[in-house]
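Reading through the structure tokens given below for one structure.
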Amino acid sequence: MSDRTIIRKRAFPYVLRPARPDSVPRVPGPNLRRERGWAHTEAALTLAPRLPFQVLLHVLFEHAVGYALLALKEVEEISLLLPQVEECVLNLGKFHNIVRLVAFCPFASSQVALENANAVSEGVVHEDLRLFLETHLPSKKKKVLLGVGDPKIGAAIQEELGYNCQTGGVIAEVLRGVRLHFHNLVKGLTDLSACKAQLGLGHSYSRAKVKFNVNRVDNMIIQSISLLDQLDKDINTFSMRVREWYGYHFPELVKIINDNATYCRLAQFIGNRRELNEEKLEKLEELTMDGAKAKAILDASRSSMGMDISAIDLINIESFSSRVVSLSEYRQSLHTYLRSKMSQVAPSLSALIGEAVGARLIAHAGSLTNLAKYPASTVQILGAEKALFRALKTRGNTPKYGLIFHSTFIGRAAAKNKGRISRYLANKCSIASRIDCFSEVPTSVFGEKLREQVEERLSFYETGEIPRKNLDVMKEAMVQAEEAAAEIARKLEKQEKKRLKKEKKRLAALALASSENSSSTQEECEETVEKPKKKKKQKPREVPQENGMEDHPSISVSKPKKKKSFSKEELVSSDLEEEATVSVSLPKKKKSSPKEEAVVSDPEETGNKSVSKKKRKFSSKEETVSSGPEEAAGSKSSSKKKKKFHKAPQED
């Protein structure tokens, strides 16, 4: 080996491998390293990474379900035969011979998976990843080479944990194979579950990245400025239609009134020009905001050369004019809305260049974040891409300005200074967009200061007056911005306190209303419980007086007993027993329910009936009559049975 070879070997961590001569065909396979043949030219030497045999090469793979650590078999063979690794990736059997799963750590939940994904994307070593690597990697860090897919996380691991990390080359191919066969490497993991986990993590990760402050969403600005431009075109087109349509009847009005919205209002108000008189002059002055124009319209209507028009045509013209007027009014309200949104989202940019131009820049860039990423040279020609590529193709002069041409600064500058002021203005717009994008509290202080700088630069081009330095202006802006931020914070605190007070009052009112409702329902329940008791107590007293005993429920039960005949002794004993039961149950009447009272009152009545039965059987006609009004008022059913006993003596 020559001296040059030794020097090269010491200078670079590569081993010089001889290339095959041209006569030997290049056939990929395991015998490639065993091929003999040396090339004597230095250009034919192939370089391969020099990896000592004792160094263990591991690969870290981040998946939606967890972290996986894999070890590569035959490190030196794989590092030398990169084309073979590319072929073995697609074949599962060959890939298993190369890669071996060392450890797998699944995530506890989707929230933990999202936290780890955010940490990996930002190049931060999460605690779970740190514990996983320290647990499963060998303790001797010098003998370990860790392959990772992202260079940022590799640099963080090497800095914090001390493991040598490698990216690209063989590692990228191995990770591609692991991604393809991961569900076969991990036991219990299917392809369907892995895809579901990836889909869920992807949705949550993108949702977390897109989630910004609701009040500072620039999508509304993009839509509103696009709608504003579309409304300008539509109102222009419709106004020209109204001018042509109404011009047949009153052609002189076109020359007097130039504004489209005012022309449509006048066409709607005037209608038939022959009906225009001195009484409508005051209303004309209100619409035109000019007395001379109103007088000119009145004079022109008297000597107009327009054709006569029918009533139905006038109705259609007036209805269409009202539509155009409503569109122009909506355009004004939309412009007001755009101003309010720009003051919330990009106050510095709107203070510097205006709401409309700033919104067009944001819409053309796609978002405020994209605009903040653009350099000043891109912001300068933003909107003039067609002219730029045409100039590059024809090797002509590139455009000096794009959308910022609509700014007042470029219009006020001289022709020779338009390019310089546009470049300076683009620089300030780039600064303002970055301040708006990355500041926590939005304020227009920086935009106003930047606008002052552009004004000073414009006066410098015209008069030669030296402007202030940027450092001094920014120091003043920082002081004012801090004061403005403190004031905004105080206002927000006051608003939050007011909101909390209103919330407390609302909750107290709800609690009071619920307590009142509950008390009223309790009172109603008590009333409903008390009312039936009173009625049921009164019923037993009133029913015997009005309806007699035939309506009483106990009679239907006692009627079958009347058919039985008893002896005197049995009747007397039964009467005594009934009287005893009545005397025992009388004290319990107060506590019993109305139904029980009715049931208790039955024995007295049945006792009376049994007494009347005895009298009917053993007494004469006079005794039954002299039995008193008590038995007569007892029941009608008993009187019916009396008739059966007394019919025979009457017939005799």
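Order determines the names: the first chain of the structure tokens is A, the second B, and so forth; residues in each chain are numbered 1 upward, and ligands are numbered 1 upward as they are shown.
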Extract, using only C-alpha atoms, all DNA, RNA and protein residues at most 10 Å from Glu282 (chain A), discarding same-chain residues fewer than 6 positions from it, and format them as a ChimeraX atom specification.
/A:291,294-295
Determine which residues of region 110-236 of chain A DSSP labels as strand (DSSP E) from the backbone of this structure, then write them out as number ranges by chain.
A: 144-147, 164-166
Could you write those residues out with all heavy atoms, as a CSV table (one decimal), in the first residue's frame?
chain,number,residue,atom,x,y,z
A,144,VAL,N,-21.9,1.7,20.9
A,144,VAL,CA,-23.2,1.7,20.3
A,144,VAL,C,-23.3,2.8,19.3
A,144,VAL,O,-22.8,3.9,19.5
A,144,VAL,CB,-24.3,1.9,21.4
A,144,VAL,CG1,-25.7,2.0,20.8
A,144,VAL,CG2,-24.2,0.9,22.5
A,145,LEU,N,-23.9,2.4,18.1
A,145,LEU,CA,-24.1,3.4,17.1
A,145,LEU,C,-25.6,3.3,16.8
A,145,LEU,O,-26.2,2.2,16.5
A,145,LEU,CB,-23.4,3.0,15.8
A,145,LEU,CG,-23.5,4.0,14.6
A,145,LEU,CD1,-23.0,5.4,15.0
A,145,LEU,CD2,-22.8,3.5,13.4
A,146,LEU,N,-26.3,4.4,17.0
A,146,LEU,CA,-27.8,4.5,16.9
A,146,LEU,C,-28.2,5.1,15.6
A,146,LEU,O,-27.8,6.3,15.3
A,146,LEU,CB,-28.4,5.2,18.1
A,146,LEU,CG,-29.9,5.3,18.2
A,146,LEU,CD1,-30.5,3.9,18.4
A,146,LEU,CD2,-30.3,6.2,19.3
A,147,GLY,N,-29.0,4.4,14.8
A,147,GLY,CA,-29.5,5.0,13.6
A,147,GLY,C,-30.9,5.6,13.8
A,147,GLY,O,-31.8,5.0,14.3
A,164,ASN,N,-23.7,7.8,19.9
A,164,ASN,CA,-23.4,8.3,18.5
A,164,ASN,C,-24.6,7.9,17.6
A,164,ASN,O,-25.1,6.8,17.6
A,164,ASN,CB,-22.1,7.5,18.0
A,164,ASN,CG,-20.9,8.0,18.8
A,164,ASN,OD1,-20.8,9.1,19.2
A,164,ASN,ND2,-20.0,7.0,19.0
A,165,CYS,N,-25.0,8.9,16.9
A,165,CYS,CA,-26.2,8.8,16.0
A,165,CYS,C,-25.8,8.9,14.5
A,165,CYS,O,-24.9,9.6,14.2
A,165,CYS,CB,-27.3,9.8,16.3
A,165,CYS,SG,-27.9,9.6,18.0
A,166,GLN,N,-26.5,8.2,13.7
A,166,GLN,CA,-26.2,8.2,12.3
A,166,GLN,C,-27.5,8.3,11.5
A,166,GLN,O,-28.5,7.7,11.9
A,166,GLN,CB,-25.5,6.9,11.9
A,166,GLN,CG,-25.1,6.8,10.4
A,166,GLN,CD,-24.4,5.5,10.0
A,166,GLN,OE1,-24.0,4.8,10.9
A,166,GLN,NE2,-24.3,5.2,8.8
If you run DSSP over the backbone, which residues in region 95-211 of chain A end up helix (DSSP H, G or I)? Put them as an MDAnalysis selection string.
chainID A and resid 95:98 110:121 127:136 141:143 151:160 170:185 191:210
Can you tell me, as a PyMOL selection string, what residues are no more than 12 Å from region 380-396 of chain A when counting only C-alpha atoms, ignoring any on the same chain fewer than 2 positions away?
chain A and resi 357-358+360-366+371+374-378+398-407+410+418-430
Take the residues just selected and output them with C-alpha atoms as a compact mmCIF listing (two decimals), in the first residue's frame.
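Contents of again_18.txt, freshly written:
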# COMPACT_ATOMS: atom_id res chain seq x y z
CA VAL A 357 -53.02 45.93 0.44
CA GLY A 358 -52.00 44.03 3.57
CA ARG A 360 -54.03 41.06 -0.47
CA LEU A 361 -50.46 40.22 0.52
CA ILE A 362 -51.69 37.72 3.13
CA ALA A 363 -54.15 36.17 0.66
CA HIS A 364 -51.51 35.87 -2.06
CA ALA A 365 -48.99 34.30 0.32
CA GLY A 366 -51.60 31.86 1.67
CA LEU A 371 -45.83 35.90 4.43
CA TYR A 374 -40.85 35.28 2.79
CA PRO A 375 -37.76 37.46 2.35
CA ALA A 376 -38.18 41.12 1.47
CA SER A 377 -37.21 40.51 -2.17
CA THR A 378 -40.11 38.04 -2.53
CA THR A 398 -37.37 42.19 -13.79
CA PRO A 399 -40.41 43.92 -12.23
CA LYS A 400 -39.82 46.42 -9.44
CA TYR A 401 -43.05 45.88 -7.53
CA GLY A 402 -46.10 43.66 -7.35
CA LEU A 403 -49.06 44.11 -5.03
CA ILE A 404 -47.32 46.84 -3.02
CA PHE A 405 -47.67 49.09 -6.07
CA HIS A 406 -51.19 49.91 -4.78
CA SER A 407 -49.64 51.56 -1.74
CA ILE A 410 -45.03 54.31 -4.51
CA LYS A 418 -40.14 54.10 -7.41
CA GLY A 419 -37.81 51.09 -7.43
CA ARG A 420 -35.88 52.25 -4.37
CA ILE A 421 -38.95 53.09 -2.32
CA SER A 422 -40.61 49.80 -3.29
CA ARG A 423 -37.55 47.88 -2.08
CA TYR A 424 -37.50 49.83 1.19
CA LEU A 425 -41.24 49.37 1.65
CA ALA A 426 -41.00 45.61 1.03
CA ASN A 427 -38.31 45.41 3.70
CA LYS A 428 -40.55 47.14 6.24
CA CYS A 429 -43.55 44.99 5.24
CA SER A 430 -41.52 41.85 5.89
Could you state the separation of CA of Phe182 (chain A) and CA of Asn97 (chain A) in Å, given to one decimal place?
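Distance reported for this atom pair: 14.6 Å.
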Neighbouring residues of Lys469 (chain A) were defined as those with any atom within 9 Å, considering only C-alpha atoms; residues of the same chain fewer than 4 positions away were excluded. Please report them as a PDB file with N, CA, C and O atoms, in the first residue's frame.
ATOM      1  N   GLN A 453     -40.876  55.736   9.317  1.00  0.00           N
ATOM      2  CA  GLN A 453     -39.582  55.546   8.652  1.00  0.00           C
ATOM      3  C   GLN A 453     -39.706  55.622   7.134  1.00  0.00           C
ATOM      4  O   GLN A 453     -38.854  56.211   6.453  1.00  0.00           O
ATOM      5  N   VAL A 473     -35.339  54.276  16.320  1.00  0.00           N
ATOM      6  CA  VAL A 473     -36.793  54.159  16.119  1.00  0.00           C
ATOM      7  C   VAL A 473     -37.331  52.906  16.803  1.00  0.00           C
ATOM      8  O   VAL A 473     -38.392  52.924  17.441  1.00  0.00           O
ATOM      9  N   MET A 474     -36.584  51.800  16.704  1.00  0.00           N
ATOM     10  CA  MET A 474     -37.050  50.553  17.300  1.00  0.00           C
ATOM     11  C   MET A 474     -37.017  50.600  18.831  1.00  0.00           C
ATOM     12  O   MET A 474     -37.848  49.989  19.501  1.00  0.00           O
TER      13      MET A 474
END
Please, what distance in Å, to one decimal, runs between CA of Ser444 (chain A) and CA of Ala477 (chain A)?
9.9 Å
Coordinates-based distance that separates CA of Ile98 (chain A) from CA of Glu127 (chain A) (Å, one decimal):
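Separating CA of Glu127 (chain A) from CA of Ile98 (chain A) is a distance of 29.6 Å.
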